[in-house]
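Asker: Quick one: structure below, then a few questions.
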Amino acid sequence: MSASAVFILDVKGKPLISRNYKGDVAMSEIDHFMPLLMQREEEGALTPLLSHGRVHFLWIKYSNLYLVATTLKNANASLVYSFLYKIVEVFSEYFKELEEESIRDNFVIVYELLDELMDFGFPQTTDSKILQEYITQQGNKLETGKSRVPPTVTNAVSWRSEGIKYKKNEVFIDVIESVNLLVNANGSVLLSEIVGSIKLKVFLSGMPELRLGLNDRVLFELTGLSGSKNKSVELEDVKFHQCVRLSRFDNDRTISFIPPDGDFELMSYRLSTQVKPLIWIESVIEKFSHSRVEIMVKAKGQFKKQSVANSVEISVPVPSDADSPRFKTSVGSAKYVPEKNTVIWSIKSFPGGKEYLMRAHFGLPSVEKEEVEGRPPIGVKFEIPYFTVSGIQVRYMKIIEKSGYQALPWVRYITQSGDYQLRTS
């Protein structure tokens, strides 16, 4: 079972627009949602599912809106939440910014989209590219004549239109990995994981069949390729775009698919592996007679010398009552952001194996202020092109199309910081 009705509410809980899919829940039930949410918030017991009598509210907050699905039955909660986030994605594609104003300005299109996205409480067409073929931004203009159902809705391949043609057939593959890291004040790694995604930009004619080969450990073991010469990675929590043939992947680990046209995320994965911190930070804080403080930060690139981290930003917390900043850096520039009580040290280009220093001097009020709050961690942002921390590789991309044209696949690897924090003593 899925949703009975979907509501979009403003920040005060007033319904802006709603769609009743099954008629088994009174639309007035939504009046209980906001008081219930505020009560739970005051009690510190707020949950993503709230109940009033036999009615359950499954909700998410986005910008200044609440998206709420109601149900009487024991619904598939993960399906409902996925659908609510899909609504956000589709509306954002249509209106650029999803907020109260964009809903009020586009009531007609929103109604049309809610009609197409779900039928009798079950998700239907949720691909924004397909929806844009027949629900346009001029959707509120009445057109006379026969309504035409786009062929993609009735196709076996609902995510790709027929008759697509390009002069030059190309596929661009981006392998993007984000490193989440938490290091304690003693230098021990508390949390370490890699979250990766493979994104494609497809410019291919016709209905091509694509096969992607990765250095997947399970595949290597199945095919007898595992060994010291063949580096492989063990992927966890793999999620695929709907175009991937899951039965084929389960059977022989082949990633086979007919791709949508243009940009899309083919797959995402996670590796909970011990990652050596790519940029290591050491900091020393000295206070002098409660009148000034000196912070010294040392940053070291712990990745391959031939790689370079770009757009590095190191956020160093400073006391909330600090003033009169002075900086000295061996590379890059530092600036004080008083509203965040932070110094941001920016380094445009940071080669592997290099070490850099930053010194910051601040004045402090003469009145001694006890440090009640704990010191926030140092945050690091960076991007390293042509490099993956997991060692994942695209071994091949086969493109098969009945016309037999030649197509070029291009691959790019990027490692970037996710939630990357180092605590200081």
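Residues in the structure tokens are numbered from 1 in each chain, the chains being A, B, ... in the order shown, and ligands are numbered from 1 in the order shown.
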Would you give me, as CSV, each residue of segment 351-413 of chain A having an atom within 6 Å of an atom of segment 173-178 of chain A, along with its shortest atom pair and that distance in Å to one decimal, using only C-alpha atoms and sorting by chain and residue number?
Answerer:
```
residue,atom,partner,partner_atom,distance
A:Trp410,CA,A:Ile173,CA,5.9
A:Val411,CA,A:Ile173,CA,4.7
A:Arg412,CA,A:Asp174,CA,4.9
A:Tyr413,CA,A:Val175,CA,4.8
```
Asker: Please identify the strand (DSSP E or B) residues within segment 288-404 of chain A (assignment by DSSP from backbone atoms) and present them as an MDAnalysis selection string.
Answerer: chainID A and resid 288 292:301 308:317 323:329 333:337 342:351 355:363 378:385 394:400
Asker: For a quick check of understanding, using only C-alpha atoms, which of A:Gly206, A:Pro48, A:Pro317, A:Pro123 has the smallest distance to Glu339 of chain A?
Answerer: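 Checking each of A:Gly206, A:Pro48, A:Pro317, A:Pro123 against Glu339 of chain A, counting only C-alpha atoms, the winner is A:Pro317.
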Asker: Please provide the set of residues having any atom within 12 Å of Met27 of chain A, restricted to only C-alpha atoms, with same-chain residues fewer than 6 positions apart removed, written as a list in words.
Answerer: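 The filter keeps Ser4, Ala5, Val6, Phe7, Pro15, Ile17, Ser18, Arg19, Asn20, Tyr21, Phe33, Val55, Val68, Ala69, Thr70 and Thr71 of chain A.
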Asker: Rounded to one decimal place, report the atom CA of Phe203 of chain A-atom CA of Phe172 of chain A distance in Å.
Answerer: 8.5 Å
Asker: So that I can see what lies close to Thr126 of chain A, please list as a PyMOL selection string the residues with an atom at most 12 Å from it, counting only C-alpha atoms and leaving out residues fewer than 4 positions away in the same chain.
Answerer: chain A and resi 82-91+93+113-119+122+130-132+153+158-159+242
Asker: Within 10 Å of segment 358-365 of chain A, counting only C-alpha atoms, which residues qualify if same-chain residues fewer than 2 places away don't, as an MDAnalysis selection string?
Answerer: chainID A and resid 283:299 316 318:336 343 345 356 367:369
Asker: Write out as a ChimeraX atom specification all residues of segment 20-250 of chain A that DSSP puts in helix (DSSP H, G or I) for this structure's backbone.
Answerer: /A:27-43,77-95,100-105,107-117,128-134,151-154,217-223,246-250
Asker: Mind dumping the selected residues with C-alpha atoms as a PDB file, in the first residue's frame?
Answerer:
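Done, and the output landed in out_12.pdb:
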```pdb
ATOM      1  CA  MET A  27      -8.928  15.790   3.546  1.00  0.00           C
ATOM      2  CA  SER A  28      -9.678  17.648   6.806  1.00  0.00           C
ATOM      3  CA  GLU A  29      -7.311  15.278   8.640  1.00  0.00           C
ATOM      4  CA  ILE A  30      -4.392  17.482   7.557  1.00  0.00           C
ATOM      5  CA  ASP A  31      -5.589  20.084  10.116  1.00  0.00           C
ATOM      6  CA  HIS A  32      -4.198  17.822  12.861  1.00  0.00           C
ATOM      7  CA  PHE A  33      -0.713  17.631  11.317  1.00  0.00           C
ATOM      8  CA  MET A  34       0.763  20.988  12.385  1.00  0.00           C
ATOM      9  CA  PRO A  35      -0.446  20.954  16.038  1.00  0.00           C
ATOM     10  CA  LEU A  36       0.886  17.383  16.320  1.00  0.00           C
ATOM     11  CA  LEU A  37       4.250  18.367  14.831  1.00  0.00           C
ATOM     12  CA  MET A  38       4.608  21.389  17.145  1.00  0.00           C
ATOM     13  CA  GLN A  39       3.662  19.304  20.189  1.00  0.00           C
ATOM     14  CA  ARG A  40       6.263  16.639  19.334  1.00  0.00           C
ATOM     15  CA  GLU A  41       8.866  19.339  18.661  1.00  0.00           C
ATOM     16  CA  GLU A  42       8.283  20.864  22.131  1.00  0.00           C
ATOM     17  CA  GLU A  43       8.611  17.415  23.705  1.00  0.00           C
ATOM     18  CA  ALA A  77       7.167   3.947   4.216  1.00  0.00           C
ATOM     19  CA  SER A  78      10.425   3.881   2.203  1.00  0.00           C
ATOM     20  CA  LEU A  79       8.396   4.028  -1.035  1.00  0.00           C
ATOM     21  CA  VAL A  80       6.385   7.032   0.239  1.00  0.00           C
ATOM     22  CA  TYR A  81       9.497   8.945   1.377  1.00  0.00           C
ATOM     23  CA  SER A  82      11.269   8.187  -1.920  1.00  0.00           C
ATOM     24  CA  PHE A  83       8.185   9.537  -3.704  1.00  0.00           C
ATOM     25  CA  LEU A  84       8.123  12.758  -1.626  1.00  0.00           C
ATOM     26  CA  TYR A  85      11.804  13.398  -2.437  1.00  0.00           C
ATOM     27  CA  LYS A  86      11.031  12.626  -6.091  1.00  0.00           C
ATOM     28  CA  ILE A  87       8.325  15.335  -6.006  1.00  0.00           C
ATOM     29  CA  VAL A  88      10.976  17.786  -4.741  1.00  0.00           C
ATOM     30  CA  GLU A  89      13.349  16.729  -7.558  1.00  0.00           C
ATOM     31  CA  VAL A  90      10.705  17.041 -10.312  1.00  0.00           C
ATOM     32  CA  PHE A  91       9.331  20.386  -9.071  1.00  0.00           C
ATOM     33  CA  SER A  92      12.882  21.752  -8.756  1.00  0.00           C
ATOM     34  CA  GLU A  93      13.531  20.740 -12.390  1.00  0.00           C
ATOM     35  CA  TYR A  94      10.391  22.603 -13.465  1.00  0.00           C
ATOM     36  CA  PHE A  95      10.562  25.719 -11.296  1.00  0.00           C
ATOM     37  CA  GLU A 100       5.965  28.640  -1.521  1.00  0.00           C
ATOM     38  CA  GLU A 101       6.054  31.316  -4.223  1.00  0.00           C
ATOM     39  CA  SER A 102       6.856  28.849  -7.034  1.00  0.00           C
ATOM     40  CA  ILE A 103       3.919  26.631  -5.941  1.00  0.00           C
ATOM     41  CA  ARG A 104       1.516  29.611  -5.857  1.00  0.00           C
ATOM     42  CA  ASP A 105       2.715  30.806  -9.290  1.00  0.00           C
ATOM     43  CA  PHE A 107      -0.889  25.827  -9.481  1.00  0.00           C
ATOM     44  CA  VAL A 108      -2.048  24.413 -12.836  1.00  0.00           C
ATOM     45  CA  ILE A 109       1.263  22.718 -13.625  1.00  0.00           C
ATOM     46  CA  VAL A 110       1.572  21.406 -10.045  1.00  0.00           C
ATOM     47  CA  TYR A 111      -1.902  19.791 -10.325  1.00  0.00           C
ATOM     48  CA  GLU A 112      -0.989  18.241 -13.674  1.00  0.00           C
ATOM     49  CA  LEU A 113       2.279  16.908 -12.274  1.00  0.00           C
ATOM     50  CA  LEU A 114       0.617  15.449  -9.168  1.00  0.00           C
ATOM     51  CA  ASP A 115      -1.862  13.692 -11.497  1.00  0.00           C
ATOM     52  CA  GLU A 116       0.916  12.119 -13.570  1.00  0.00           C
ATOM     53  CA  LEU A 117       3.335  11.335 -10.725  1.00  0.00           C
ATOM     54  CA  SER A 128      11.188  14.771 -15.173  1.00  0.00           C
ATOM     55  CA  LYS A 129      12.587  14.495 -18.736  1.00  0.00           C
ATOM     56  CA  ILE A 130       9.621  12.344 -19.797  1.00  0.00           C
ATOM     57  CA  LEU A 131       7.116  14.564 -17.945  1.00  0.00           C
ATOM     58  CA  GLN A 132       8.517  17.644 -19.720  1.00  0.00           C
ATOM     59  CA  GLU A 133       7.563  16.107 -23.066  1.00  0.00           C
ATOM     60  CA  TYR A 134       3.883  16.596 -22.362  1.00  0.00           C
ATOM     61  CA  PRO A 151       5.401   7.346 -26.936  1.00  0.00           C
ATOM     62  CA  THR A 152       7.912   7.117 -24.081  1.00  0.00           C
ATOM     63  CA  VAL A 153       5.077   6.513 -21.599  1.00  0.00           C
ATOM     64  CA  THR A 154       3.943   3.380 -23.463  1.00  0.00           C
ATOM     65  CA  ARG A 217      35.958  -7.566  -6.616  1.00  0.00           C
ATOM     66  CA  VAL A 218      32.950  -9.897  -6.892  1.00  0.00           C
ATOM     67  CA  LEU A 219      33.171  -9.809 -10.720  1.00  0.00           C
ATOM     68  CA  PHE A 220      36.917 -10.523 -10.587  1.00  0.00           C
ATOM     69  CA  GLU A 221      36.292 -13.530  -8.334  1.00  0.00           C
ATOM     70  CA  LEU A 222      33.548 -14.822 -10.659  1.00  0.00           C
ATOM     71  CA  THR A 223      35.745 -14.516 -13.748  1.00  0.00           C
ATOM     72  CA  LEU A 246      19.218  -5.727 -12.167  1.00  0.00           C
ATOM     73  CA  SER A 247      18.685  -9.406 -13.005  1.00  0.00           C
ATOM     74  CA  ARG A 248      21.757  -9.319 -15.278  1.00  0.00           C
ATOM     75  CA  PHE A 249      23.810  -7.622 -12.548  1.00  0.00           C
ATOM     76  CA  ASP A 250      22.713 -10.174  -9.925  1.00  0.00           C
TER      77      ASP A 250
END
```
